[in-house]
file input_32.cif (mmCIF, C-alpha atoms and all ligand atoms)
data_entry
#
loop_
_atom_site.label_atom_id
_atom_site.label_comp_id
_atom_site.auth_asym_id
_atom_site.auth_seq_id
_atom_site.Cartn_x
_atom_site.Cartn_y
_atom_site.Cartn_z
CA MET A 85 -12.40 -19.79 59.50
CA GLU A 86 -14.95 -17.69 57.64
CA ILE A 87 -15.91 -15.67 60.72
CA CYS A 88 -12.35 -15.33 62.03
CA LEU A 89 -11.08 -14.09 58.67
CA PHE A 90 -13.94 -12.02 57.31
CA ASP A 91 -16.24 -10.78 60.09
CA LYS A 92 -16.86 -7.10 59.22
CA GLU A 93 -15.83 -5.91 62.67
CA TYR A 94 -13.48 -8.53 64.10
CA GLY A 95 -12.31 -10.48 61.04
CA TYR A 96 -8.57 -10.75 60.48
CA TYR A 97 -8.70 -9.46 56.89
CA ASN A 98 -10.61 -6.35 57.94
CA GLN A 99 -7.77 -5.07 60.13
CA PRO A 100 -5.88 -2.07 58.69
CA ASN A 101 -2.77 -4.04 57.58
CA PRO A 102 -3.45 -7.76 57.33
CA ILE A 103 -0.70 -8.62 54.80
CA GLY A 104 2.91 -7.55 54.26
CA SER A 105 5.70 -6.65 56.63
CA GLU A 106 3.30 -5.10 59.19
CA GLY A 107 0.74 -7.91 58.97
CA ALA A 108 0.70 -11.37 60.52
CA PHE A 109 2.15 -12.90 57.39
CA THR A 110 3.79 -11.93 54.15
CA THR A 111 3.38 -13.37 50.67
CA ALA A 112 5.67 -13.86 47.68
CA PRO A 113 4.64 -10.65 45.85
CA GLU A 114 5.17 -8.66 49.06
CA MET A 115 8.75 -10.01 49.29
CA THR A 116 9.96 -9.10 45.83
CA GLN A 117 8.65 -7.45 42.66
CA VAL A 118 10.25 -10.25 40.62
CA PHE A 119 7.51 -12.72 41.55
CA GLY A 120 4.73 -10.60 40.00
CA GLU A 121 6.85 -9.67 37.02
CA LEU A 122 7.45 -13.31 36.08
CA ILE A 123 3.80 -14.29 36.57
CA GLY A 124 2.81 -11.29 34.45
CA LEU A 125 5.20 -12.26 31.66
CA PHE A 126 4.02 -15.88 31.76
CA LEU A 127 0.47 -14.72 30.96
CA VAL A 128 1.64 -12.27 28.30
CA GLN A 129 3.62 -15.04 26.59
CA TYR A 130 0.62 -17.36 26.63
CA TRP A 131 -1.54 -14.62 25.12
CA LEU A 132 1.02 -13.99 22.37
CA ASP A 133 1.52 -17.67 21.57
CA TYR A 134 -2.00 -19.00 21.54
CA GLU A 135 -4.81 -16.53 21.61
CA LYS A 136 -3.98 -12.87 21.16
CA THR A 137 -7.68 -12.47 21.62
CA SER A 138 -9.17 -9.10 22.29
CA PRO A 139 -10.81 -8.32 24.60
CA PHE A 140 -10.06 -10.73 27.42
CA SER A 141 -10.61 -10.78 31.19
CA LEU A 142 -7.52 -10.49 33.34
CA VAL A 143 -8.71 -11.88 36.66
CA GLU A 144 -7.22 -12.09 40.13
CA LEU A 145 -8.84 -13.95 43.01
CA GLY A 146 -7.87 -12.53 46.41
CA PRO A 147 -5.55 -9.74 45.22
CA GLY A 148 -4.46 -8.71 48.74
CA ARG A 149 -2.83 -5.29 48.61
CA GLY A 150 -2.81 -5.30 44.80
CA THR A 151 0.96 -5.80 44.72
CA LEU A 152 1.01 -8.93 42.55
CA MET A 153 -1.30 -7.42 39.93
CA SER A 154 0.53 -4.12 39.84
CA ASP A 155 3.88 -5.91 39.29
CA MET A 156 2.25 -8.12 36.63
CA LEU A 157 0.81 -5.13 34.78
CA ARG A 158 4.05 -3.15 34.95
CA ALA A 159 5.95 -6.05 33.39
CA SER A 160 3.22 -6.38 30.74
CA GLN A 161 3.86 -2.86 29.48
CA THR A 162 6.45 -4.38 27.15
CA VAL A 163 3.47 -5.64 25.10
CA PRO A 164 1.06 -2.68 24.91
CA GLU A 165 -1.53 -4.53 22.81
CA TYR A 166 -1.89 -7.06 25.64
CA LEU A 167 -2.74 -4.29 28.07
CA ASP A 168 -5.13 -2.70 25.55
CA ALA A 169 -6.98 -6.00 25.15
CA SER A 170 -7.23 -6.68 28.90
CA MET A 171 -10.17 -5.90 31.16
CA LEU A 172 -9.21 -6.16 34.82
CA TYR A 173 -11.48 -8.04 37.23
CA LEU A 174 -10.75 -8.54 40.93
CA LEU A 175 -12.56 -10.74 43.41
CA GLU A 176 -12.04 -9.64 46.99
CA GLN A 177 -14.05 -10.11 50.14
CA SER A 178 -12.21 -7.75 52.51
CA THR A 179 -13.27 -4.09 52.47
CA THR A 180 -9.90 -3.02 53.84
CA LEU A 181 -8.00 -4.83 51.08
CA LYS A 182 -10.37 -3.54 48.39
CA ARG A 183 -9.29 -0.04 49.41
CA HIS A 184 -5.62 -0.98 49.03
CA GLN A 185 -6.38 -2.45 45.58
CA GLN A 186 -8.32 0.64 44.52
CA LYS A 187 -5.32 2.84 45.35
CA ARG A 188 -2.76 0.59 43.72
CA LEU A 189 -4.60 -0.35 40.54
CA ASN A 190 -6.81 2.66 39.90
CA SER A 191 -5.13 3.56 36.61
CA TYR A 192 -6.12 0.16 35.14
CA SER A 193 -9.86 0.75 35.90
CA PRO A 194 -10.49 -2.54 37.73
CA LYS A 195 -13.98 -3.91 38.32
CA TRP A 196 -14.71 -5.91 41.47
CA LEU A 197 -16.66 -9.14 41.15
CA GLU A 198 -18.96 -10.65 43.75
CA THR A 199 -18.71 -14.04 42.02
CA VAL A 200 -16.79 -15.42 39.02
CA GLU A 201 -20.14 -15.99 37.29
CA GLU A 202 -20.26 -12.25 36.60
CA LEU A 203 -17.29 -12.50 34.23
CA PRO A 204 -18.24 -11.60 30.64
CA ASN A 205 -18.23 -14.17 27.83
CA GLN A 206 -14.62 -13.81 26.69
CA PRO A 207 -11.24 -15.48 27.32
CA VAL A 208 -10.01 -15.55 30.88
CA PHE A 209 -6.43 -15.16 32.05
CA ALA A 210 -6.67 -15.75 35.78
CA VAL A 211 -4.30 -15.89 38.73
CA ALA A 212 -4.77 -16.75 42.41
CA ASN A 213 -1.84 -16.54 44.82
CA GLU A 214 -2.49 -17.76 48.37
CA PHE A 215 -6.23 -17.49 47.79
CA PHE A 216 -7.36 -21.11 48.08
CA ASP A 217 -5.46 -21.69 51.33
CA ALA A 218 -7.67 -19.08 53.03
CA LEU A 219 -10.96 -20.73 52.04
CA PRO A 220 -12.51 -22.57 55.01
CA ILE A 221 -11.84 -26.27 55.40
CA ARG A 222 -13.61 -29.13 57.12
CA GLN A 223 -11.44 -31.81 58.77
CA PHE A 224 -12.33 -35.48 58.92
CA LEU A 225 -10.82 -38.32 60.93
CA ARG A 226 -10.90 -41.75 59.33
CA SER A 227 -12.82 -44.15 61.54
CA ASN A 228 -13.28 -47.60 60.12
CA PHE A 229 -15.06 -46.99 56.77
CA PHE A 230 -16.62 -43.78 58.00
CA TRP A 231 -15.48 -40.30 59.03
CA LYS A 232 -15.70 -38.28 62.21
CA GLU A 233 -15.73 -34.54 61.68
CA ARG A 234 -13.47 -32.38 63.82
CA LEU A 235 -15.60 -29.57 65.22
CA VAL A 236 -14.92 -26.45 67.25
CA GLY A 237 -16.86 -26.13 70.49
CA CYS A 238 -16.96 -23.51 73.19
CA SER A 239 -16.77 -24.00 76.94
CA GLY A 240 -16.83 -20.88 79.05
CA ASN A 241 -14.71 -18.42 77.10
CA ALA A 242 -12.40 -20.97 75.52
CA LEU A 243 -12.69 -22.78 72.21
CA HIS A 244 -11.80 -26.44 71.94
CA TYR A 245 -11.89 -29.28 69.40
CA GLU A 246 -14.24 -32.21 69.58
CA PHE A 247 -15.22 -34.98 67.17
CA SER A 248 -18.66 -35.75 65.78
CA GLN A 249 -20.17 -39.22 65.65
CA GLU A 250 -18.90 -41.21 62.68
CA PHE A 251 -20.85 -40.94 59.43
CA GLU A 252 -20.59 -41.67 55.74
CA PHE A 253 -19.22 -38.66 53.88
CA LEU A 254 -19.57 -39.06 50.13
CA PRO A 255 -17.11 -36.36 48.96
CA LEU A 256 -14.32 -38.32 50.71
CA GLN A 257 -15.45 -41.76 49.54
CA ALA A 258 -12.46 -42.06 47.18
CA ARG A 259 -10.06 -41.35 50.06
CA LEU A 260 -11.06 -44.58 51.79
CA SER A 261 -8.65 -46.30 49.38
CA ASP A 262 -5.51 -44.34 50.32
CA THR A 263 -6.01 -43.58 54.02
CA ILE A 264 -5.93 -45.70 57.16
CA GLU A 265 -7.69 -45.60 60.52
CA GLY A 266 -6.87 -42.37 62.36
CA ASP A 267 -5.77 -40.38 59.30
CA ILE A 268 -7.02 -36.83 58.97
CA VAL A 269 -8.15 -35.50 55.60
CA GLU A 270 -9.11 -31.90 54.88
CA TYR A 271 -11.93 -30.97 52.56
CA ARG A 272 -12.49 -27.47 51.16
CA PRO A 273 -16.12 -27.20 50.09
CA GLY A 274 -15.90 -23.62 48.78
CA ALA A 275 -13.09 -24.15 46.26
CA GLN A 276 -15.04 -25.80 43.44
CA LYS A 277 -17.23 -22.86 42.55
CA TYR A 278 -14.20 -20.71 41.69
CA ILE A 279 -12.50 -23.44 39.69
CA LYS A 280 -15.68 -24.41 37.84
CA GLY A 281 -16.65 -20.83 36.99
CA ILE A 282 -13.24 -20.00 35.55
CA VAL A 283 -12.64 -23.34 33.85
CA ALA A 284 -16.05 -23.19 32.11
CA ARG A 285 -14.99 -19.92 30.48
CA ILE A 286 -11.52 -21.19 29.57
CA LYS A 287 -13.08 -24.21 27.84
CA LYS A 288 -15.54 -22.05 25.92
CA TYR A 289 -13.55 -18.92 25.12
CA GLY A 290 -9.90 -19.81 25.83
CA GLY A 291 -7.37 -18.67 28.39
CA ILE A 292 -5.46 -20.05 31.33
CA PHE A 293 -5.66 -20.23 35.13
CA LEU A 294 -2.56 -20.07 37.33
CA ILE A 295 -3.00 -21.16 40.94
CA ILE A 296 -0.10 -20.65 43.32
CA ASP A 297 -0.31 -21.90 46.87
CA TYR A 298 1.23 -24.07 49.48
CA GLY A 299 0.06 -27.63 49.57
CA ARG A 300 0.39 -31.00 47.95
CA GLN A 301 -1.24 -33.38 45.53
CA HIS A 302 -3.53 -34.95 48.15
CA SER A 303 -4.54 -33.78 51.57
CA LEU A 304 -3.26 -35.92 54.42
CA GLY A 305 -2.92 -34.86 58.04
CA ASP A 306 -3.86 -31.79 60.00
CA THR A 307 -2.39 -28.72 58.27
CA PHE A 308 -4.70 -26.11 59.81
CA GLN A 309 -2.49 -23.27 61.01
CA ALA A 310 -2.58 -19.77 62.46
CA LEU A 311 0.06 -17.08 61.94
CA ASP A 312 0.21 -14.02 64.16
CA ASN A 313 3.08 -11.60 63.62
CA SER A 314 4.79 -14.19 61.39
CA LYS A 315 4.73 -16.69 64.31
CA TYR A 316 2.72 -19.88 64.53
CA THR A 317 0.03 -19.75 67.19
CA ASP A 318 -2.86 -21.93 68.32
CA PRO A 319 -5.69 -21.37 65.81
CA LEU A 320 -8.23 -21.37 68.65
CA GLU A 321 -6.44 -18.61 70.59
CA ASN A 322 -7.44 -15.01 69.86
CA PRO A 323 -9.78 -15.65 66.93
CA GLY A 324 -9.67 -12.80 64.40
CA GLN A 325 -6.13 -11.76 65.29
CA ALA A 326 -4.28 -14.43 63.35
CA ASP A 327 -4.31 -15.47 59.71
CA LEU A 328 -5.83 -18.95 59.33
CA THR A 329 -4.91 -21.22 56.45
CA SER A 330 -4.39 -24.85 55.55
CA HIS A 331 -2.52 -26.64 52.77
CA VAL A 332 -4.25 -26.78 49.41
CA ASP A 333 -5.20 -30.22 48.11
CA PHE A 334 -4.33 -29.63 44.43
CA GLY A 335 -5.65 -33.01 43.33
CA ALA A 336 -9.06 -32.27 44.83
CA LEU A 337 -9.23 -28.88 43.09
CA VAL A 338 -9.33 -30.57 39.68
CA ALA A 339 -10.71 -34.01 40.54
CA LYS A 340 -14.10 -33.35 38.96
CA ILE A 341 -12.95 -31.17 36.09
CA GLU A 342 -13.11 -32.52 32.54
CA GLY A 343 -11.66 -31.23 29.28
CA ILE A 344 -8.87 -29.39 31.05
CA THR A 345 -5.16 -30.16 31.31
CA SER A 346 -3.68 -29.47 34.70
CA HIS A 347 0.03 -29.13 35.26
CA LEU A 348 1.56 -29.01 38.74
CA VAL A 349 5.11 -27.91 39.40
CA ASP A 350 7.10 -26.76 42.42
CA GLN A 351 7.21 -22.98 42.75
CA GLY A 352 11.04 -23.04 42.74
CA ASP A 353 11.14 -24.92 39.42
CA PHE A 354 8.48 -22.70 37.88
CA LEU A 355 10.31 -19.50 38.81
CA LYS A 356 13.63 -20.87 37.62
CA ASN A 357 12.08 -21.92 34.29
CA MET A 358 10.75 -18.39 34.02
CA GLY A 359 14.23 -16.95 34.48
CA ILE A 360 14.11 -15.68 38.07
CA GLU A 361 17.87 -15.95 38.50
CA ILE A 362 18.57 -13.77 35.46
CA ARG A 363 16.01 -11.16 36.46
CA ALA A 364 17.24 -11.16 40.08
CA GLY A 365 20.81 -10.72 38.86
CA THR A 366 19.84 -7.68 36.78
CA LEU A 367 18.13 -6.09 39.77
CA SER A 368 21.13 -6.85 42.00
CA ASN A 369 23.26 -4.58 39.81
CA HIS A 370 21.23 -1.60 41.02
CA LEU A 371 21.35 -2.47 44.72
CA THR A 372 23.93 -2.22 47.49
CA GLY A 373 24.22 -2.87 51.24
CA ALA A 374 21.12 -3.90 53.18
CA GLU A 375 18.87 -3.64 50.11
CA LEU A 376 21.03 -6.09 48.20
CA VAL A 377 21.08 -8.51 51.15
CA SER A 378 17.30 -8.45 51.54
CA HIS A 379 16.76 -8.77 47.77
CA LYS A 380 18.95 -11.88 47.66
CA ALA A 381 17.24 -13.32 50.74
CA ALA A 382 13.77 -12.81 49.18
CA ILE A 383 14.74 -14.58 45.95
CA ASN A 384 16.30 -17.42 47.92
CA ARG A 385 13.16 -17.72 50.05
CA LEU A 386 10.98 -18.12 46.96
CA ILE A 387 13.03 -20.81 45.22
CA SER A 388 15.01 -22.65 47.88
CA PRO A 389 13.70 -26.19 48.52
CA ASP A 390 13.98 -25.75 52.27
CA GLN A 391 11.89 -22.57 52.16
CA MET A 392 9.01 -21.88 49.75
CA GLY A 393 10.54 -23.57 46.69
CA THR A 394 8.92 -26.98 47.07
CA LEU A 395 6.24 -26.35 49.70
CA PHE A 396 4.59 -23.93 47.31
CA LYS A 397 3.30 -25.23 44.00
CA VAL A 398 2.09 -23.71 40.76
CA MET A 399 -0.90 -25.32 39.10
CA THR A 400 -1.76 -24.34 35.55
CA LEU A 401 -5.12 -25.14 33.96
CA PHE A 402 -5.77 -24.86 30.23
CA SER A 403 -7.98 -26.58 27.66
CA ASN A 404 -7.07 -30.09 26.50
CA GLY A 405 -5.29 -30.09 23.18
CA GLU A 406 -3.57 -26.74 23.68
CA LYS A 407 0.22 -26.71 23.47
CA TYR A 408 2.03 -26.54 26.80
CA PRO A 409 2.54 -22.93 27.78
CA GLN A 410 6.16 -21.79 27.65
CA GLY A 411 7.86 -21.57 31.02
CA LEU A 412 6.30 -24.63 32.63
CA GLY A 413 9.12 -26.98 31.74
CA VAL A 414 8.36 -30.65 31.26
CA LYS A 415 8.61 -31.76 34.87
CA THR A 416 5.28 -32.36 36.55
CA ILE A 417 4.69 -33.59 40.07
N1 LIG B 501 -2.83 -12.70 46.60
C1 LIG B 501 -2.37 -11.79 47.63
C2 LIG B 501 -3.11 -11.96 48.95
C3 LIG B 501 -3.15 -13.33 49.55
S1 LIG B 501 -4.04 -13.36 51.07
C4 LIG B 501 -0.88 -11.92 47.81
O1 LIG B 501 -0.31 -12.86 47.28
O2 LIG B 501 -0.28 -11.10 48.50
C5 LIG B 501 -5.61 -14.01 50.61
C6 LIG B 501 -6.45 -13.04 49.80
O3 LIG B 501 -7.67 -13.70 49.43
C7 LIG B 501 -6.88 -11.79 50.56
O4 LIG B 501 -6.95 -10.73 49.64
C8 LIG B 501 -8.26 -12.20 51.07
O5 LIG B 501 -9.04 -11.12 51.47
C9 LIG B 501 -8.79 -12.93 49.85
N2 LIG B 501 -9.88 -13.89 50.08
C10 LIG B 501 -9.85 -14.99 50.87
N3 LIG B 501 -11.03 -15.65 50.81
C11 LIG B 501 -11.79 -14.96 49.94
C12 LIG B 501 -13.11 -15.16 49.44
N4 LIG B 501 -13.87 -16.17 49.83
N5 LIG B 501 -13.59 -14.28 48.53
C13 LIG B 501 -12.82 -13.24 48.13
N6 LIG B 501 -11.57 -12.99 48.58
C14 LIG B 501 -11.07 -13.84 49.48
#
call {"tool": "encode", "arguments": {"input": "input_32.cif", "output": "C-alpha cells", "more": "lines below"}}
Ligand code: SAH
result
Amino acid sequence: MEICLFDKEYGYYNQPNPIGSEGAFTTAPEMTQVFGELIGLFLVQYWLDYEKTSPFSLVELGPGRGTLMSDMLRASQTVPEYLDASMLYLLEQSTTLKRHQQKRLNSYSPKWLETVEELPNQPVFAVANEFFDALPIRQFLRSNFFWKERLVGCSGNALHYEFSQEFEFLPLQARLSDTIEGDIVEYRPGAQKYIKGIVARIKKYGGIFLIIDYGRQHSLGDTFQALDNSKYTDPLENPGQADLTSHVDFGALVAKIEGITSHLVDQGDFLKNMGIEIRAGTLSNHLTGAELVSHKAAINRLISPDQMGTLFKVMTLFSNGEKYPQGLGVKTI
C-alpha cells in the first residue's frame, strides 16, 4: 500500500490529479462546500465554548487538495478572533498534493509537518478526513488460536496473495474472543503514532480531534479495496494507478488510549445535528438547473443511509471530564 500510494515516481498520490472529479475517487469536501463549512463551525463552537485559548494549532492530517481546510476557514471568518488565534499545520506525504494545498491555503500561512511530534506545546484542534483509511494495513486470517498473515507475492509479472505459516500475533490477541476460524481481521500498525501524538497534546493543553472515515467499530472481514476512475478494481492490478484503502477500525484507534473520551456517530447523523439540511436549503436558493440537481445529489450522498450516511463515521476525541461538544447529539454507536 505504501509503495503503491506514495512512491515518488509511480505512487498513486503523486499523479497530477489524484483526488476530485478527475481523480480515481472523490471525497466529501470535493462534493460540496457544506461539508467543510460544518466541520469548520463545529471546531469554532468548541473553541468558543470551552477553551478560547490563544494561540492554538489548527491541524489537518492528509489535507488532499486543501478543499476541506479552505471551506473550514472560510466558514470560521464569522469569528475573527478564532482565526487570529489559530496557527495552521498540515501533514501531507504527497508532493503533488502539497502543491495544491500551498495554492489553496497560502493566505493562511500554513506550515507542513513531517510528524505530529513537531506540533508546538499548545491546544490542538485537529481534523482528518479519509486519512486513516489510506494508511497501510496488514491482514490476518484466524487459524485455530493463531493467525496467518495474508501476503502479496510476485510470480512472473503478476502479483498474487498467499498466506504465511500460522503464528501468535500479540496485537490481535484480544480478537481471539470475538472471531472464529477463517475470519479475517485487519490491523493498521501506522495509525497509533498519529492518535497518540495528537491525544497527548489534547490531554495536556486542551483541544479536540475529529476523525471522519469509512469503517466500523471493529474490523472484521477483508475490506481492502482499489478504486480507479471511481470504479472498483482488483487491488493487485496496475499498482500505482488506483487508490487503495480499507475500512477504519475505530475501536482499535482508541483501544490503548487513556484519559480521553471518544464519541462515534454516523456521518449522516453528525451532519444533520450540525444543520446540514438548513445550510443546504439556503444554498439551494441561489442555484438552478443542473447546479441545483448536483447540489442536492451531493448532500443526499453525504447523509443518506444507503450512501455515505452510515458507512462513514465521525469519531471525536476530547479529554475526560469535558462537556460534550455541541453538535454531536447524544446518540453514540
Ligand atoms: N482529506 C482530503 C484527502 C483525503 S485522501 C479530502 O477529504 O479530500 C488521503 C490524504 O491523506 C491525501 O492527502 C494523502 O496524500 C494523505 N496521506 C495518506 N497517508 C499519509 C501519510 N502517511 N502521511 C501523510 N499524508 C498521508
call {"tool": "residues_near_ligand", "arguments": {"input": "input_32.cif", "ligand": "ligand LIG 501 (chain B)", "cutoff": "8 Å", "atoms": "only C-alpha atoms and all ligand atoms", "output": "compact mmCIF listing (two decimals) with C-alpha atoms, in the coordinates of the input"}}
result
# COMPACT_ATOMS: atom_id res chain seq x y z
CA LEU A 89 -11.08 -14.09 58.67
CA PHE A 90 -13.94 -12.02 57.31
CA TYR A 97 -8.70 -9.46 56.89
CA ILE A 103 -0.70 -8.62 54.80
CA GLY A 104 2.91 -7.55 54.26
CA THR A 110 3.79 -11.93 54.15
CA THR A 111 3.38 -13.37 50.67
CA ALA A 112 5.67 -13.86 47.68
CA PRO A 113 4.64 -10.65 45.85
CA GLU A 114 5.17 -8.66 49.06
CA GLU A 144 -7.22 -12.09 40.13
CA LEU A 145 -8.84 -13.95 43.01
CA GLY A 146 -7.87 -12.53 46.41
CA PRO A 147 -5.55 -9.74 45.22
CA GLY A 148 -4.46 -8.71 48.74
CA ARG A 149 -2.83 -5.29 48.61
CA GLY A 150 -2.81 -5.30 44.80
CA THR A 151 0.96 -5.80 44.72
CA LEU A 152 1.01 -8.93 42.55
CA LEU A 175 -12.56 -10.74 43.41
CA GLU A 176 -12.04 -9.64 46.99
CA GLN A 177 -14.05 -10.11 50.14
CA SER A 178 -12.21 -7.75 52.51
CA LEU A 181 -8.00 -4.83 51.08
CA GLU A 198 -18.96 -10.65 43.75
CA ALA A 212 -4.77 -16.75 42.41
CA ASN A 213 -1.84 -16.54 44.82
CA GLU A 214 -2.49 -17.76 48.37
CA PHE A 215 -6.23 -17.49 47.79
CA PHE A 216 -7.36 -21.11 48.08
CA ASP A 217 -5.46 -21.69 51.33
CA ALA A 218 -7.67 -19.08 53.03
CA LEU A 219 -10.96 -20.73 52.04
CA GLY A 274 -15.90 -23.62 48.78
call {"tool": "atom_distance", "arguments": {"input": "input_32.cif", "atom1": "CA of Gln206 in chain A", "atom2": "CA of Gly290 in chain A"}}
result
7.7 Å
call {"tool": "atom_distance", "arguments": {"input": "input_32.cif", "atom1": "CA of Val269 in chain A", "atom2": "CA of Tyr245 in chain A"}}
result
15.6 Å
call {"tool": "atom_distance", "arguments": {"input": "input_32.cif", "atom1": "CA of Arg183 in chain A", "atom2": "CA of Pro273 in chain A"}}
result
28.0 Å
call {"tool": "closest_atom_pairs", "arguments": {"input": "input_32.cif", "of": "range 102-219 of chain A", "to": "range 336-355 of chain A", "cutoff": "9 Å", "atoms": "all atoms listed in the file", "output": "CSV"}}
result
residue,atom,partner,partner_atom,distance
A:Phe119,CA,A:Leu355,CA,7.8
A:Leu122,CA,A:Leu355,CA,7.3
A:Ile123,CA,A:Leu355,CA,8.6
call {"tool": "closest_residue", "arguments": {"input": "input_32.cif", "among": "A:Glu250, A:Arg285, A:Ser314, A:Phe396", "to": "Asp297 in chain A", "atoms": "all atoms listed in the file"}}
result
A:Phe396
call {"tool": "closest_residue", "arguments": {"input": "input_32.cif", "among": "A:Gln186, A:Val208, A:Ser154, A:Met115", "to": "Phe140 in chain A", "atoms": "all atoms listed in the file"}}
result
A:Val208
call {"tool": "axis_aligned_box", "arguments": {"input": "input_32.cif", "around": "range 355-358 of chain A", "padding_each_side": "8 Å", "output": "AutoDock Vina command-line options"}}
result
--center_x 12.0 --center_y -20.2 --center_z 36.4 --size_x 19.3 --size_y 19.5 --size_z 20.8
call {"tool": "closest_residue", "arguments": {"input": "input_32.cif", "among": "A:Arg188, A:Lys92, A:Lys288, A:Arg259", "to": "Leu157 in chain A", "atoms": "all atoms listed in the file"}}
result
A:Arg188
call {"tool": "residues_around", "arguments": {"input": "input_32.cif", "residues": "Pro409 in chain A", "least_positions_apart": "3", "cutoff": "12 Å", "atoms": "all atoms listed in the file", "output": "PyMOL selection string"}}
result
chain A and resi 125-135+291-294+345-347+354+357-358+400-403+405-406+412-414
call {"tool": "build_atoms", "arguments": {"input": "input_32.cif", "residues": "range 101-116 of chain A", "atoms": "N, CA and C atoms", "output": "short mmCIF file (atom, residue, chain, number, x, y, z; two decimals), in the coordinates of the input"}}
result
data_model
loop_
_atom_site.label_atom_id
_atom_site.label_comp_id
_atom_site.auth_asym_id
_atom_site.auth_seq_id
_atom_site.Cartn_x
_atom_site.Cartn_y
_atom_site.Cartn_z
N ASN A 101 -3.91 -3.53 58.36
CA ASN A 101 -2.77 -4.04 57.58
C ASN A 101 -2.63 -5.56 57.71
N PRO A 102 -3.53 -6.31 57.11
CA PRO A 102 -3.45 -7.76 57.33
C PRO A 102 -2.27 -8.46 56.66
N ILE A 103 -1.76 -7.92 55.54
CA ILE A 103 -0.70 -8.62 54.80
C ILE A 103 0.51 -7.72 54.65
N GLY A 104 1.70 -8.33 54.49
CA GLY A 104 2.91 -7.55 54.26
C GLY A 104 3.72 -7.45 55.53
N SER A 105 4.76 -6.63 55.50
CA SER A 105 5.70 -6.65 56.63
C SER A 105 5.04 -6.28 57.95
N GLU A 106 3.95 -5.45 57.92
CA GLU A 106 3.30 -5.10 59.19
C GLU A 106 2.22 -6.09 59.59
N GLY A 107 1.82 -6.97 58.68
CA GLY A 107 0.74 -7.91 58.97
C GLY A 107 1.25 -9.18 59.63
N ALA A 108 0.33 -10.11 59.86
CA ALA A 108 0.70 -11.37 60.52
C ALA A 108 1.55 -12.23 59.61
N PHE A 109 1.38 -12.06 58.31
CA PHE A 109 2.15 -12.90 57.39
C PHE A 109 2.47 -12.12 56.13
N THR A 110 3.47 -12.59 55.40
CA THR A 110 3.79 -11.93 54.15
C THR A 110 3.70 -12.95 53.02
N THR A 111 3.58 -12.46 51.81
CA THR A 111 3.38 -13.37 50.67
C THR A 111 4.47 -13.09 49.63
N ALA A 112 4.60 -13.99 48.67
CA ALA A 112 5.67 -13.86 47.68
C ALA A 112 5.70 -12.48 47.00
N PRO A 113 4.56 -11.96 46.51
CA PRO A 113 4.64 -10.65 45.85
C PRO A 113 5.04 -9.52 46.80
N GLU A 114 4.78 -9.70 48.10
CA GLU A 114 5.17 -8.66 49.06
C GLU A 114 6.67 -8.73 49.37
N MET A 115 7.32 -9.86 49.00
CA MET A 115 8.75 -10.01 49.29
C MET A 115 9.60 -9.41 48.19
N THR A 116 9.17 -9.61 46.95
CA THR A 116 9.96 -9.10 45.83
C THR A 116 9.08 -8.86 44.60
#
